[in-house]
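S.K.: Here you go, this is my_file-v6.cif (mmCIF, C-alpha atoms and all ligand atoms).
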data_target
#
loop_
_atom_site.label_atom_id
_atom_site.label_comp_id
_atom_site.auth_asym_id
_atom_site.auth_seq_id
_atom_site.Cartn_x
_atom_site.Cartn_y
_atom_site.Cartn_z
CA MET A 1055 142.57 30.06 51.85
CA THR A 1056 140.34 27.91 49.68
CA ASP A 1057 139.78 24.30 50.63
CA LEU A 1058 139.59 21.94 47.65
CA SER A 1059 138.91 18.83 49.74
CA THR A 1060 135.79 16.75 49.28
CA THR A 1061 133.93 13.94 50.99
CA ILE A 1062 132.23 10.87 49.55
CA ALA A 1063 130.45 8.58 51.99
CA ASP A 1064 132.67 8.70 55.07
CA ARG A 1065 135.91 9.28 53.15
CA THR A 1066 137.67 12.60 52.80
CA PHE A 1067 139.86 13.38 49.80
CA SER A 1068 142.44 16.17 50.06
CA ASN A 1069 141.57 17.42 46.56
CA CYS A 1070 138.34 17.08 44.57
CA MET A 1071 140.21 16.32 41.32
CA MET A 1072 141.65 13.05 40.06
CA ASN A 1073 142.36 11.16 36.84
CA ALA A 1074 139.68 9.42 34.80
CA ALA A 1075 140.08 5.69 34.31
CA GLY A 1076 142.04 4.69 31.24
CA VAL A 1077 144.27 7.72 30.91
CA ARG A 1078 147.85 7.36 32.21
CA CYS A 1079 146.88 4.85 34.88
CA ALA A 1080 147.59 1.48 33.29
CA ASP A 1081 150.86 0.67 35.02
CA GLU A 1082 152.78 1.22 38.26
CA ASN A 1083 154.83 4.05 36.83
CA ASP A 1084 151.70 6.02 35.86
CA LEU A 1085 150.01 5.29 39.18
CA ASN A 1086 153.07 6.30 41.21
CA GLN A 1087 153.11 9.62 39.37
CA LEU A 1088 149.48 10.16 40.36
CA ILE A 1089 150.33 9.33 43.98
CA ALA A 1090 153.08 11.97 43.89
CA SER A 1091 150.73 14.59 42.39
CA PRO A 1092 148.16 16.87 44.10
CA ALA A 1093 145.29 14.70 42.77
CA GLY A 1094 142.94 13.74 45.60
CA ALA A 1095 142.88 10.08 44.53
CA TYR A 1096 143.63 7.87 41.55
CA VAL A 1097 141.63 5.29 39.65
CA THR A 1098 143.32 2.36 37.99
CA LYS A 1099 142.84 1.38 34.32
CA SER A 1100 139.69 -0.74 34.04
CA ALA A 1101 140.67 -4.33 34.67
CA THR A 1102 139.56 -7.60 33.14
CA PRO A 1103 140.29 -10.93 34.89
CA ASN A 1104 143.38 -11.56 32.74
CA VAL A 1105 145.92 -9.50 30.81
CA ARG A 1106 144.37 -8.04 27.65
CA GLU A 1107 146.12 -6.61 24.62
CA GLY A 1108 143.20 -4.47 23.44
CA ASN A 1109 142.30 -3.51 19.88
CA PRO A 1110 144.68 -3.09 16.92
CA GLU A 1111 146.57 0.20 16.49
CA PRO A 1112 146.13 3.00 15.61
CA ARG A 1113 143.46 3.10 18.33
CA MET A 1114 143.74 6.67 19.63
CA LYS A 1115 143.85 9.99 17.80
CA SER A 1116 144.32 13.40 19.38
CA LEU A 1117 142.21 16.21 17.99
CA PRO A 1118 142.26 19.94 18.73
CA GLY A 1119 140.66 19.97 22.21
CA GLY A 1120 139.81 16.30 22.33
CA CYS A 1121 140.44 12.76 21.21
CA ILE A 1122 138.88 9.58 19.93
CA ASN A 1123 139.84 6.14 21.23
CA SER A 1124 139.06 2.53 20.49
CA MET A 1125 141.57 1.10 22.97
CA GLY A 1126 139.53 -2.04 23.69
CA LEU A 1127 140.49 -2.43 27.34
CA PRO A 1128 144.24 -3.07 27.16
CA ASN A 1129 145.22 -3.80 30.78
CA HIS A 1130 147.47 -5.92 33.00
CA GLY A 1131 144.63 -7.94 34.54
CA LEU A 1132 142.92 -7.58 37.92
CA ASP A 1133 145.68 -9.16 40.03
CA TYR A 1134 148.16 -6.47 38.93
CA TYR A 1135 145.89 -3.58 39.96
CA LEU A 1136 144.61 -5.27 43.13
CA ASP A 1137 148.18 -5.94 44.20
CA PHE A 1138 149.09 -2.28 43.55
CA VAL A 1139 146.17 -0.81 45.50
CA LEU A 1140 146.69 -3.22 48.41
CA LYS A 1141 150.36 -2.27 48.72
CA ASP A 1142 149.49 1.41 48.48
CA GLN A 1143 146.75 0.99 51.07
CA ALA A 1144 149.24 -0.62 53.47
CA ALA A 1145 151.67 2.27 52.90
CA ARG A 1146 149.04 5.05 53.10
CA PRO A 1147 146.13 3.68 55.15
CA ASP A 1148 144.46 7.10 55.44
CA LYS A 1149 143.95 7.41 51.64
CA THR A 1150 141.03 6.13 49.57
CA ASN A 1151 141.56 5.24 45.92
CA LEU A 1152 139.49 3.67 43.17
CA LEU A 1153 139.90 0.27 41.55
CA SER A 1154 138.15 0.15 38.19
CA ILE A 1155 136.84 -3.15 36.86
CA ALA A 1156 135.24 -3.79 33.48
CA GLY A 1157 134.51 -7.42 32.81
CA THR A 1158 133.17 -8.10 29.34
CA THR A 1159 130.62 -10.52 30.86
CA LEU A 1160 128.58 -10.55 34.06
CA GLU A 1161 130.45 -13.69 35.12
CA ASP A 1162 133.81 -11.92 34.80
CA ASN A 1163 132.57 -8.95 36.83
CA LEU A 1164 131.22 -11.21 39.58
CA ALA A 1165 134.43 -13.26 39.68
CA MET A 1166 136.55 -10.10 39.97
CA LEU A 1167 134.31 -8.62 42.65
CA HIS A 1168 134.50 -11.85 44.67
CA LYS A 1169 138.27 -11.56 44.56
CA VAL A 1170 138.13 -7.93 45.70
CA ALA A 1171 135.57 -8.79 48.39
CA ASP A 1172 137.87 -11.50 49.73
CA SER A 1173 140.86 -9.16 49.79
CA ASP A 1174 141.74 -6.48 52.34
CA PHE A 1175 140.92 -3.69 49.83
CA ASN A 1176 138.86 -1.03 51.56
CA GLY A 1177 138.84 1.63 48.82
CA PHE A 1178 136.13 2.26 46.24
CA VAL A 1179 135.41 -0.05 43.32
CA GLU A 1180 134.34 1.72 40.12
CA LEU A 1181 132.37 -0.80 38.10
CA ASN A 1182 132.58 0.30 34.48
CA LEU A 1183 129.24 -0.28 32.74
CA SER A 1184 130.05 1.90 29.75
CA CYS A 1185 133.04 0.79 27.70
CA PRO A 1186 132.21 1.70 24.09
CA ASN A 1187 135.06 -0.24 22.48
CA VAL A 1188 134.72 -3.98 22.95
CA PRO A 1189 133.57 -5.51 19.66
CA GLY A 1190 130.36 -7.47 20.09
CA LYS A 1191 129.76 -6.17 23.64
CA PRO A 1192 127.25 -3.32 23.85
CA GLN A 1193 127.54 -0.63 26.51
CA VAL A 1194 125.70 -2.20 29.43
CA GLY A 1195 124.61 1.17 30.78
CA TYR A 1196 122.18 1.56 27.89
CA ASP A 1197 120.29 -1.61 28.88
CA PHE A 1198 118.42 -0.64 32.05
CA ASP A 1199 117.12 -4.16 32.83
CA ARG A 1200 120.63 -5.52 32.50
CA VAL A 1201 122.01 -2.85 34.86
CA ARG A 1202 119.39 -3.88 37.42
CA GLU A 1203 120.28 -7.55 37.01
CA ILE A 1204 124.00 -6.87 37.40
CA LEU A 1205 123.59 -4.68 40.48
CA THR A 1206 121.21 -7.20 42.06
CA GLN A 1207 123.80 -9.94 41.69
CA VAL A 1208 126.67 -7.68 42.80
CA PHE A 1209 125.02 -6.38 45.95
CA ALA A 1210 123.89 -9.89 46.91
CA PHE A 1211 127.44 -10.40 48.24
CA TYR A 1212 129.55 -7.25 47.76
CA ASP A 1213 129.33 -5.02 50.82
CA LYS A 1214 132.23 -2.59 50.42
CA PRO A 1215 131.89 0.85 48.78
CA LEU A 1216 131.08 0.53 45.08
CA GLY A 1217 130.05 2.93 42.33
CA VAL A 1218 129.30 2.63 38.62
CA LYS A 1219 130.74 4.43 35.60
CA LEU A 1220 127.93 5.36 33.26
CA PRO A 1221 127.69 6.20 29.59
CA PRO A 1222 126.17 9.55 28.60
CA TYR A 1223 122.40 9.68 28.27
CA PHE A 1224 120.75 12.00 25.78
CA ASP A 1225 117.04 11.78 26.56
CA LEU A 1226 115.36 12.90 29.78
CA VAL A 1227 113.33 9.69 29.86
CA HIS A 1228 116.59 7.78 30.05
CA PHE A 1229 117.75 9.93 32.99
CA ASP A 1230 114.53 8.96 34.77
CA GLN A 1231 114.92 5.29 33.91
CA ILE A 1232 118.56 4.87 34.94
CA ALA A 1233 118.04 6.89 38.14
CA ALA A 1234 115.09 4.67 39.10
CA VAL A 1235 117.33 1.60 38.78
CA LEU A 1236 120.33 3.12 40.60
CA ASN A 1237 118.21 4.42 43.48
CA ASP A 1238 117.27 0.82 44.36
CA PHE A 1239 120.86 -0.05 45.30
CA PRO A 1240 123.33 0.97 48.04
CA LEU A 1241 125.71 2.62 45.60
CA THR A 1242 128.40 4.88 47.03
CA PHE A 1243 128.73 6.92 43.84
CA VAL A 1244 128.01 7.14 40.16
CA ASN A 1245 130.59 8.45 37.72
CA SER A 1246 129.12 10.30 34.78
CA ILE A 1247 130.20 10.23 31.93
CA ASN A 1248 132.41 7.81 30.03
CA SER A 1249 133.52 8.86 26.56
CA VAL A 1250 130.75 9.49 24.04
CA GLY A 1251 130.53 6.40 21.84
CA ASN A 1252 130.63 5.88 18.94
CA GLY A 1253 131.99 8.87 17.13
CA LEU A 1254 133.75 8.82 13.79
CA VAL A 1255 136.86 10.87 13.07
CA ILE A 1256 138.14 11.18 9.51
CA ASP A 1257 141.46 12.18 8.01
CA PRO A 1258 140.22 14.23 5.04
CA ASN A 1259 143.61 14.28 3.29
CA ALA A 1260 143.88 10.52 3.27
CA GLU A 1261 140.08 10.24 2.84
CA ARG A 1262 140.31 7.53 5.49
CA VAL A 1263 139.15 6.92 9.04
CA ALA A 1264 141.55 8.10 11.76
CA ILE A 1265 141.68 4.90 13.84
CA LYS A 1266 141.09 1.19 13.31
CA LEU A 1267 137.81 -0.67 13.89
CA GLY A 1268 136.08 1.30 11.15
CA GLY A 1269 137.15 4.60 12.67
CA LEU A 1270 134.59 4.40 15.47
CA GLY A 1271 135.47 5.15 19.07
CA GLY A 1272 134.73 7.03 22.27
CA ILE A 1273 134.99 10.82 22.07
CA GLY A 1274 136.49 12.88 24.88
CA GLY A 1275 137.48 16.50 25.39
CA THR A 1276 135.84 19.88 24.96
CA PHE A 1277 133.13 18.55 22.62
CA ILE A 1278 131.58 16.47 25.38
CA LYS A 1279 131.41 19.00 28.23
CA PRO A 1280 127.77 20.06 27.64
CA THR A 1281 126.73 16.40 27.52
CA ALA A 1282 128.71 15.64 30.68
CA LEU A 1283 127.23 18.59 32.57
CA ALA A 1284 123.70 17.63 31.51
CA ASN A 1285 124.29 14.12 32.84
CA VAL A 1286 125.85 15.25 36.13
CA ARG A 1287 123.03 17.72 36.66
CA GLY A 1288 120.35 15.26 35.49
CA LEU A 1289 121.53 12.56 37.86
CA SER A 1290 122.09 14.97 40.71
CA LEU A 1291 118.44 16.00 40.50
CA ARG A 1292 117.23 12.40 40.41
CA LEU A 1293 119.49 10.27 42.61
CA LYS A 1294 118.99 9.78 46.34
CA PRO A 1295 121.40 11.95 48.35
CA GLU A 1296 123.41 8.97 49.63
CA ILE A 1297 124.76 8.43 46.09
CA ALA A 1298 127.58 10.88 45.39
CA ILE A 1299 128.36 11.97 41.86
CA ILE A 1300 131.77 11.99 40.23
CA GLY A 1301 131.70 14.33 37.25
CA THR A 1302 133.81 13.46 34.22
CA GLY A 1303 133.89 14.91 30.74
CA GLY A 1304 135.37 17.92 28.98
CA VAL A 1305 137.50 19.20 31.84
CA MET A 1306 140.29 21.37 30.45
CA ASN A 1307 140.48 24.18 33.03
CA GLY A 1308 139.37 25.32 36.48
CA THR A 1309 136.12 26.75 35.14
CA ASP A 1310 135.16 23.32 33.84
CA VAL A 1311 135.79 21.81 37.28
CA PHE A 1312 133.74 24.60 38.86
CA GLU A 1313 130.84 23.91 36.48
CA HIS A 1314 130.85 20.17 37.19
CA ILE A 1315 130.65 20.90 40.93
CA LEU A 1316 127.88 23.48 40.40
CA CYS A 1317 125.96 20.68 38.64
CA GLY A 1318 126.36 18.46 41.71
CA ALA A 1319 129.68 16.63 41.37
CA SER A 1320 131.51 15.83 44.62
CA MET A 1321 134.64 14.91 42.73
CA VAL A 1322 135.80 15.67 39.19
CA GLN A 1323 137.83 13.38 36.96
CA VAL A 1324 140.05 14.51 34.13
CA GLY A 1325 140.67 12.25 31.13
CA THR A 1326 141.65 13.69 27.75
CA GLN A 1327 143.44 16.81 28.99
CA PHE A 1328 145.26 14.80 31.69
CA GLY A 1329 146.48 12.64 28.83
CA PHE A 1330 147.83 15.73 27.08
CA GLU A 1331 149.40 17.41 30.15
CA GLY A 1332 150.27 14.67 32.62
CA THR A 1333 150.09 15.05 36.39
CA ARG A 1334 151.13 18.71 36.35
CA ILE A 1335 147.55 19.44 35.28
CA PHE A 1336 146.36 18.93 38.86
CA LYS A 1337 148.46 21.84 40.11
CA ARG A 1338 147.14 24.07 37.31
CA LEU A 1339 143.50 23.09 37.82
CA SER A 1340 143.83 23.51 41.60
CA LYS A 1341 145.22 27.00 41.10
CA GLU A 1342 142.51 27.93 38.62
CA LEU A 1343 139.67 26.53 40.74
CA SER A 1344 141.06 28.23 43.87
CA ALA A 1345 141.20 31.57 42.02
CA ILE A 1346 137.56 31.26 40.93
CA MET A 1347 136.47 30.33 44.45
CA ALA A 1348 138.46 33.15 46.03
CA ALA A 1349 136.98 35.70 43.61
CA LYS A 1350 133.50 34.53 44.55
CA GLY A 1351 134.20 34.32 48.26
CA TYR A 1352 133.77 30.54 48.43
CA GLN A 1353 135.87 28.73 51.02
CA SER A 1354 134.94 25.12 50.29
CA ILE A 1355 133.31 23.22 47.46
CA ASP A 1356 130.21 22.69 49.59
CA ASP A 1357 129.60 26.45 49.24
CA PHE A 1358 128.54 25.92 45.61
CA LYS A 1359 128.15 22.18 45.05
CA GLY A 1360 124.85 21.47 43.26
CA LYS A 1361 123.79 25.10 43.57
CA LEU A 1362 123.40 25.80 39.86
CA LYS A 1363 120.72 28.45 39.32
CA THR A 1364 118.10 28.40 36.59
CA PHE A 1365 115.92 31.22 35.31
CA ASP A 1366 113.14 29.81 37.52
CA ASP A 1367 115.09 30.44 40.74
O1 LIG B 1401 138.67 1.25 24.96
C1 LIG B 1401 138.83 1.37 26.17
O2 LIG B 1401 139.70 0.73 26.80
C2 LIG B 1401 137.93 2.31 26.85
N1 LIG B 1401 137.79 3.54 26.30
C3 LIG B 1401 136.90 4.44 26.79
O3 LIG B 1401 136.77 5.56 26.28
N2 LIG B 1401 136.16 4.12 27.86
C4 LIG B 1401 136.25 2.91 28.45
O4 LIG B 1401 135.52 2.68 29.42
C5 LIG B 1401 137.17 1.94 27.92
C6 LIG B 1401 137.31 0.61 28.48
C7 LIG B 1401 136.74 0.12 29.52
#
How would this structure read if it were set down as C-alpha cells?
M.R.:
Amino acid sequence: MTDLSTTIADRTFSNCMMNAAGVRCADENDLNQLIASPAGAYVTKSATPNVREGNPEPRMKSLPGGCINSMGLPNHGLDYYLDFVLKDQAARPDKTNLLSIAGTTLEDNLAMLHKVADSDFNGFVELNLSCPNVPGKPQVGYDFDRVREILTQVFAFYDKPLGVKLPPYFDLVHFDQIAAVLNDFPLTFVNSINSVGNGLVIDPNAERVAIKLGGLGGIGGTFIKPTALANVRGLSLRLKPEIAIIGTGGVMNGTDVFEHILCGASMVQVGTQFGFEGTRIFKRLSKELSAIMAAKGYQSIDDFKGKLKTFDD
C-alpha cells in the first residue's frame, strides 16, 4: 500500500495533491466539491478586501495542453472566504486548508492579514506575491526589496502559519536573491510557481489576440513544467529546511507529480488540468502516482522527496 500523505510544519495532509488557487475554487460550490474529493487540502481563490469583478472577457483561453488567463482577480472578497474556511474548520477541526490573499497594495494585504489574525482561523495563509494580471500592478515577487519590506511588516504582527506564492524565476542569480530574502523570515512554505506572465496567445485565423488586455496573460499547463521544476528544485536547494515547498506548474499526470516531489515539493498543486477535468483528477493522479511508487518500491513520498539525482551523484 502506498501512502500519499504529506506533512508541512506540524500538519499532516491525507494526500499530497490539491488545487492551485484560482481554478475552480472561487465559490462555495467549487470549494465543497474539493472537500468531497480525495485532494489533501484546498486553497481558496485569492481574495481582495472587497468583491472584485476582474478584467473584461474574454479573459481565459484553453490551448492544447495549457491555457492563458488575464482574469484580474475576480473574487467574492475576503469575508466570503474567511467565513467559508472558519465554518469548515469548525466542522472538520482536524483538517488544514489554505486561504489565499492577494491585495493589490501592501495596505490591503496588511488589513486582510489583521482580520485573519484576529479570527479563529488556524489554517495556512497563502500570500500571493505573483499575480500577473492586475493592470498597473507589477508582480511583487520580482522586486526583492519590496518582498522583504512586505514580509517584515507582515511578520511584525502575524504569527500563524503563512507562506508565499511566487512567480517563476529564470536566472540563477534571482534564485539566490529571493532565497536570501525568504530565509530571513519564519515562513511555513513557499508555493512555486504562479502562471508564467506575460505570454501572448494569438488566433491566427482572426489575426487577433486570443484574450482581452492586449492578449497578454499568465500561461499554465504543459509548457511551464520545466520552468516549474527548475524553480521547485532551485528553491529546495537554497531555502532553509523549515520552509516547505509546494510545487505548482504543468501537472497533468502522476509522473508530473512524482517529478515535482523529486525536486523537493512536499505538496503539489494542480491548476490548468484541474480546470479541464474537475475534482475527478485527484483520483486519477492518486492512482497514477501510487502506481509509479509501487513499481519503484516506494511506500511514502519521503522515500523520494528531494532526492533528484544529477550526473554528479
Ligand atoms: O488573474 C488572476 O486572477 C490570476 N491569474 C493567475 O494566473 N495568477 C494569479 O495569481 C491571479 C490572481 C491573483
S.K.: Would you give me, as CSV, each residue of chain A having an atom within 7 Å of an atom of ligand LIG 1401 (chain B), along with its shortest atom pair and that distance in Å to one decimal, using only C-alpha atoms and all ligand atoms and sorting by chain and residue number?
M.R.:
residue,atom,partner,partner_atom,distance
A:Gly1076,CA,B:LIG1401,O2,6.4
A:Ser1100,CA,B:LIG1401,C7,5.5
A:Asn1123,CA,B:LIG1401,O3,5.9
A:Ser1124,CA,B:LIG1401,O1,4.7
A:Met1125,CA,B:LIG1401,O1,3.5
A:Gly1126,CA,B:LIG1401,O1,3.6
A:Leu1127,CA,B:LIG1401,O2,3.3
A:Pro1128,CA,B:LIG1401,O2,5.9
A:Ala1156,CA,B:LIG1401,C7,5.8
A:Asn1182,CA,B:LIG1401,O4,6.3
A:Ser1184,CA,B:LIG1401,O4,5.5
A:Cys1185,CA,B:LIG1401,O4,3.6
A:Pro1186,CA,B:LIG1401,N2,6.0
A:Asn1187,CA,B:LIG1401,O1,4.6
A:Val1188,CA,B:LIG1401,O1,6.9
A:Asn1248,CA,B:LIG1401,N2,5.7
A:Ser1249,CA,B:LIG1401,O3,4.6
A:Gly1272,CA,B:LIG1401,O3,4.7
A:Ile1273,CA,B:LIG1401,O3,7.0
S.K.: Can you pull out the residues contacting range 1338-1349 of chain A? Cut-off 12 Å, using all atoms listed in the file, and skip same-chain residues under 4 positions away; I want them as a count of residues only.
M.R.: 42
S.K.: So, counting only C-alpha atoms, which residue among A:Thr1276, A:Asn1259, A:Thr1326, A:Asn1104 is closest to Asn1163 in chain A?
M.R.: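 Smallest separation from Asn1163 in chain A among the options: A:Asn1104.
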S.K.: A:Ser1116, A:Thr1302, A:Asn1073, A:Thr1150: which is nearest Gln1087 in chain A, counting only C-alpha atoms?
M.R.: A:Asn1073
S.K.: Just how far from CA of Ser1154 in chain A is CA of Lys1169 in chain A, in Å to one decimal?
M.R.: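 Calculated distance between CA of Lys1169 in chain A and CA of Ser1154 in chain A is 13.3 Å.
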S.K.: Here is a test: counting all atoms listed in the file, which residue of A:Asp1199, A:Thr1158, A:Gly1253, A:Leu1216 is nearest to Ala1171 in chain A?
M.R.: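 Between A:Asp1199, A:Thr1158, A:Gly1253, A:Leu1216, the residue approaching Ala1171 in chain A most closely is A:Leu1216.
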S.K.: Which polymer residues have any atom within 9 Å of an atom of Lys1294 in chain A, counting only C-alpha atoms, with same-chain residues fewer than 3 positions away left out, as a list of chain:residue names?
M.R.: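 Near neighbours after the sequence-gap exclusion: A:Ala1233, A:Leu1236, A:Asn1237, A:Ser1290, A:Leu1291, A:Ile1297, A:Ala1298.
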S.K.: Nearest residue to Asp1197 in chain A out of A:Phe1224, A:Val1235, A:Val1244, A:Lys1214, using all atoms listed in the file?
M.R.: A:Val1235
S.K.: Here is a test: counting all atoms listed in the file, which residue of A:Leu1254, A:Ala1063, A:Leu1160, A:Met1114 is nearest to Leu1270 in chain A?
M.R.: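 Under the stated criterion, the closest residue is A:Leu1254.
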S.K.: At a cut-off of 8 Å, using all atoms listed in the file, what residues contact Phe1277 in chain A? Leave out same-chain residues fewer than 5 positions from it and give the result as a list in words.
M.R.: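 The neighbour list is Gly1119, Gly1120 and Gly1304 of chain A.
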S.K.: Please produce an output containing C-alpha atoms for each residue in the selection, written as a PDB file, keeping the file's coordinate frame.
M.R.:
ATOM      1  CA  GLY A1119     140.660  19.970  22.210  1.00  0.00           C
ATOM      2  CA  GLY A1120     139.810  16.300  22.330  1.00  0.00           C
ATOM      3  CA  GLY A1304     135.370  17.920  28.980  1.00  0.00           C
TER       4      GLY A1304
END
S.K.: Tell me, in Å to one decimal, how far CA of Asp1142 in chain A is from CA of Cys1079 in chain A.
M.R.: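 According to the coordinates, CA of Asp1142 in chain A and CA of Cys1079 in chain A are separated by 14.3 Å.
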